[in-house]
Amino acid sequence: MDGAVNNQRYEELAASLREVTERVASACRQAGRSPDEVRLIAVTKTFPASDAALLADLGVRELGENRVQEAAGKVDEVARLRPEADVRWHMLGQLQRNKARSVARWAAEVQSVDSLRLAGALTKAVRAALDAGERDRPLDVLVQASLDDDPSRGGCPVDDLSELADAIARQSDLLHLRGVMAVAPLGVDPEPAFERLASISEMLRKDHPEATEISAGMSGDLDKAIAYGSTCVRVGTALLGGRGLASP
Ligand SMILES: *Cc1c(COP(=O)(O)O)cnc(C)c1O
């Protein structure tokens with residue numbers, strides 16, 4: 001890429017990263033929490049590998065994608081651009097079982113596990129990836145809760161979450177159950193959803209005390225999510241800019 005363009009993009013990303021980091025810190029202060037309790041995932045979907053590489057230069061260690069096809073190529077490209085960078089990739093979007101094998105090659109964590117069948121496919125895929133030397137540790141997983149009962153947006157019905165979590169916990173040599181994730185319903189106040197997710201997390205931790213992560217909050221609502229206990233915010237637009245109308 002042209003050096004001057006690259007430099008300008010670096011400065012842009014540096015400025016937006018400062019803003020987002022300050023927003024997280026300020027939301028933590030208001031909630032009486034430590035900023036160390038909240039990790040930031042930069043959601044690079046629809047943006048090029050060069051942006052992900054610049055974010056890694058800026059110290060961002062956690063990157064997220066929501067489509068397998070796009071992610072697989074980008075992960076390889078970032079590894080080529082920054083062989084030394086120590087980044088963890090997260091799969092955040094709806095995942096078909098036949099893509100589990102690809103995800104097991106590059107993802108450190110899948111946040112969108114929403115069915116027993118998907119958990120089963122990931123178990124097999126991680127075992128195969130470990131056997132093939134494509135990864136060297138289990139896959140961290142979050143169970144995605146459906147808070148609006150809209151199946152097209154992914155997520156497991158809340159009534160079925162314990163069973164899903166139990167099944168994942170039984171595969172602990174391959175999958176590590178880390179907590180819960182949700183996407184707040186569109187177009188309404190997200191606070192009731194974040195409150196509900198916090199109580200779901202509390203319920204889950206009775207049987208799975210290690211499942212402490214609550215992944216909630218995106219560019220528009222991360223401050224509120226942190227007030228309700230989010231430990232992981234997933235930020236695209238506020239870091240990288242708008243994705244345009246054609247993109248999710
Ligand atoms: C795209 C996406 C985000 C980031 O959304 P922004 O509003 O751009 O910050 C977060 N979570 C998931 C699951 C996504 O698909």
# chains A, B, ... in the order shown; residues from 1 in each chain; ligands from 1
call {"tool": "residues_near_ligand", "arguments": {"ligand": "ligand 1", "cutoff": "8 Å", "atoms": "only C-alpha atoms and all ligand atoms", "output": "list in words"}}
result
Ala42, Val43, Lys45, Glu65, Asn66, Leu92, Gly93, Ser112, Ala182, Val183, Gly217, Met218, Ser219, Gly220, Val233, Arg234, Val235, Gly236, Thr237, Ala238, Leu239, Gly241, Gly242, Arg243 and Pro248 of chain A
call {"tool": "select_by_dssp", "arguments": {"residues": "segment 124-242 of chain A", "states": "alpha helix (DSSP H)", "output": "PyMOL selection string"}}
result
chain A and resi 124-131+161-169+191-207+222-227+237-240
call {"tool": "atom_distance", "arguments": {"atom1": "atom CA of Arg137 of chain A", "atom2": "atom CA of Leu174 of chain A"}}
result
7.7 Å
call {"tool": "closest_residue", "arguments": {"among": "A:Arg29, A:Ala79, A:His176, A:Arg23", "to": "Leu122 of chain A", "atoms": "only C-alpha atoms"}}
result
A:His176
call {"tool": "residues_around", "arguments": {"residues": "Leu58 of chain A", "least_positions_apart": "3", "cutoff": "7 Å", "atoms": "only C-alpha atoms", "output": "PyMOL selection string"}}
result
chain A and resi 14+54-55
call {"tool": "write_last_selection", "arguments": {"atoms": "all heavy atoms", "output": "mmCIF file, in the first residue's frame"}}
result
data_model
loop_
_atom_site.group_PDB
_atom_site.id
_atom_site.type_symbol
_atom_site.label_atom_id
_atom_site.label_comp_id
_atom_site.auth_asym_id
_atom_site.auth_seq_id
_atom_site.Cartn_x
_atom_site.Cartn_y
_atom_site.Cartn_z
ATOM 1 N N ALA A 14 -5.532 5.352 15.112
ATOM 2 C CA ALA A 14 -4.978 5.685 16.431
ATOM 3 C C ALA A 14 -5.937 6.614 17.163
ATOM 4 O O ALA A 14 -6.206 6.436 18.362
ATOM 5 C CB ALA A 14 -3.600 6.330 16.281
ATOM 6 N N LEU A 54 -2.740 -2.666 11.019
ATOM 7 C CA LEU A 54 -2.459 -1.381 11.683
ATOM 8 C C LEU A 54 -2.985 -1.391 13.118
ATOM 9 O O LEU A 54 -2.342 -0.868 14.027
ATOM 10 C CB LEU A 54 -3.076 -0.214 10.894
ATOM 11 C CG LEU A 54 -2.433 0.070 9.524
ATOM 12 C CD1 LEU A 54 -3.226 1.135 8.762
ATOM 13 C CD2 LEU A 54 -0.977 0.515 9.693
ATOM 14 N N LEU A 55 -4.155 -1.998 13.322
ATOM 15 C CA LEU A 55 -4.682 -2.099 14.689
ATOM 16 C C LEU A 55 -3.736 -2.922 15.562
ATOM 17 O O LEU A 55 -3.496 -2.583 16.722
ATOM 18 C CB LEU A 55 -6.092 -2.703 14.682
ATOM 19 C CG LEU A 55 -7.195 -1.772 14.186
ATOM 20 C CD1 LEU A 55 -8.488 -2.548 13.923
ATOM 21 C CD2 LEU A 55 -7.461 -0.639 15.189
#
call {"tool": "closest_residue", "arguments": {"among": "A:Pro185, A:Pro138, A:Gly120, A:Pro48", "to": "Asp150 of chain A", "atoms": "only C-alpha atoms"}}
result
A:Pro185
call {"tool": "closest_residue", "arguments": {"among": "A:Asp114, A:Glu77, A:Glu84, A:Asp140", "to": "Arg61 of chain A", "atoms": "only C-alpha atoms"}}
result
A:Glu84
call {"tool": "atom_distance", "arguments": {"atom1": "atom CA of Ser172 of chain A", "atom2": "atom CA of Asp159 of chain A"}}
result
22.4 Å
call {"tool": "closest_residue", "arguments": {"among": "A:Ile200, A:Val20, A:Val5, A:Leu95", "to": "Asp51 of chain A", "atoms": "only C-alpha atoms"}}
result
A:Val5
call {"tool": "closest_residue", "arguments": {"among": "A:Ala227, A:Leu197, A:Ala216, A:Ala72", "to": "Ile41 of chain A", "atoms": "only C-alpha atoms"}}
result
A:Ala216
call {"tool": "residues_around", "arguments": {"residues": "segment 186-190 of chain A", "least_positions_apart": "6", "cutoff": "9 Å", "atoms": "only C-alpha atoms", "output": "NGL selection string"}}
result
:A and (221 or 224-225)
call {"tool": "atom_distance", "arguments": {"atom1": "atom CA of Ala129 of chain A", "atom2": "atom CA of Ala104 of chain A"}}
result
6.2 Å
call {"tool": "select_by_dssp", "arguments": {"residues": "segment 81-234 of chain A", "states": "strand (DSSP E or B)", "output": "MDAnalysis selection string"}}
result
chainID A and resid 88:91 109:113 139:146 156:157 175:181 213:215 232:234
call {"tool": "closest_residue", "arguments": {"among": "A:Ser50, A:Glu37, A:Arg80, A:Ser146", "to": "Leu13 of chain A", "atoms": "only C-alpha atoms"}}
result
A:Ser50
call {"tool": "residues_around", "arguments": {"residues": "Glu210 of chain A", "least_positions_apart": "3", "cutoff": "8 Å", "atoms": "only C-alpha atoms", "output": "MDAnalysis selection string"}}
result
chainID A and resid 177:179 205
call {"tool": "residues_around", "arguments": {"residues": "Leu142 of chain A", "least_positions_apart": "2", "cutoff": "12 Å", "atoms": "only C-alpha atoms", "output": "PyMOL selection string"}}
result
chain A and resi 90-93+108-115+119+139-140+144-145+155-156+161+164-165+168-169+175-182+201+204+210-216+232
call {"tool": "residues_around", "arguments": {"residues": "Ala27 of chain A", "least_positions_apart": "2", "cutoff": "10 Å", "atoms": "only C-alpha atoms", "output": "ChimeraX atom specification"}}
result
/A:21-25,29-35,222-227
call {"tool": "write_last_selection", "arguments": {"atoms": "N, CA and C atoms", "output": "compact mmCIF listing (two decimals), in the first residue's frame"}}
result
# COMPACT_ATOMS: atom_id res chain seq x y z
N THR A 21 -11.15 3.79 23.70
CA THR A 21 -10.54 3.41 24.97
C THR A 21 -10.98 4.35 26.08
N GLU A 22 -11.09 5.63 25.74
CA GLU A 22 -11.54 6.62 26.73
C GLU A 22 -13.02 6.38 27.09
N ARG A 23 -13.83 6.03 26.08
CA ARG A 23 -15.25 5.73 26.36
C ARG A 23 -15.37 4.54 27.31
N VAL A 24 -14.58 3.52 27.04
CA VAL A 24 -14.62 2.33 27.91
C VAL A 24 -14.19 2.71 29.32
N ALA A 25 -13.11 3.50 29.42
CA ALA A 25 -12.60 3.89 30.74
C ALA A 25 -13.64 4.72 31.49
N ARG A 29 -15.49 3.91 34.97
CA ARG A 29 -15.48 4.82 36.14
C ARG A 29 -16.89 5.02 36.66
N GLN A 30 -17.82 5.29 35.73
CA GLN A 30 -19.20 5.55 36.17
C GLN A 30 -19.83 4.34 36.82
N ALA A 31 -19.39 3.16 36.39
CA ALA A 31 -19.97 1.94 36.95
C ALA A 31 -19.18 1.46 38.17
N GLY A 32 -18.14 2.20 38.53
CA GLY A 32 -17.30 1.77 39.66
C GLY A 32 -16.54 0.50 39.36
N ARG A 33 -16.17 0.32 38.09
CA ARG A 33 -15.44 -0.89 37.71
C ARG A 33 -14.05 -0.50 37.22
N SER A 34 -13.15 -1.48 37.20
CA SER A 34 -11.82 -1.23 36.67
C SER A 34 -11.81 -1.49 35.17
N PRO A 35 -11.15 -0.62 34.39
CA PRO A 35 -11.07 -0.84 32.93
C PRO A 35 -10.41 -2.17 32.58
N LEU A 222 -22.01 0.52 23.96
CA LEU A 222 -21.03 -0.12 24.84
C LEU A 222 -21.05 0.46 26.25
N ASP A 223 -21.36 1.76 26.36
CA ASP A 223 -21.36 2.40 27.68
C ASP A 223 -22.42 1.75 28.58
N LYS A 224 -23.63 1.55 28.00
CA LYS A 224 -24.71 0.93 28.77
C LYS A 224 -24.37 -0.52 29.10
N ALA A 225 -23.77 -1.22 28.14
CA ALA A 225 -23.42 -2.63 28.39
C ALA A 225 -22.45 -2.75 29.56
N ILE A 226 -21.50 -1.82 29.63
CA ILE A 226 -20.51 -1.85 30.72
C ILE A 226 -21.21 -1.60 32.06
N ALA A 227 -22.22 -0.72 32.05
CA ALA A 227 -22.97 -0.47 33.29
C ALA A 227 -23.64 -1.74 33.79
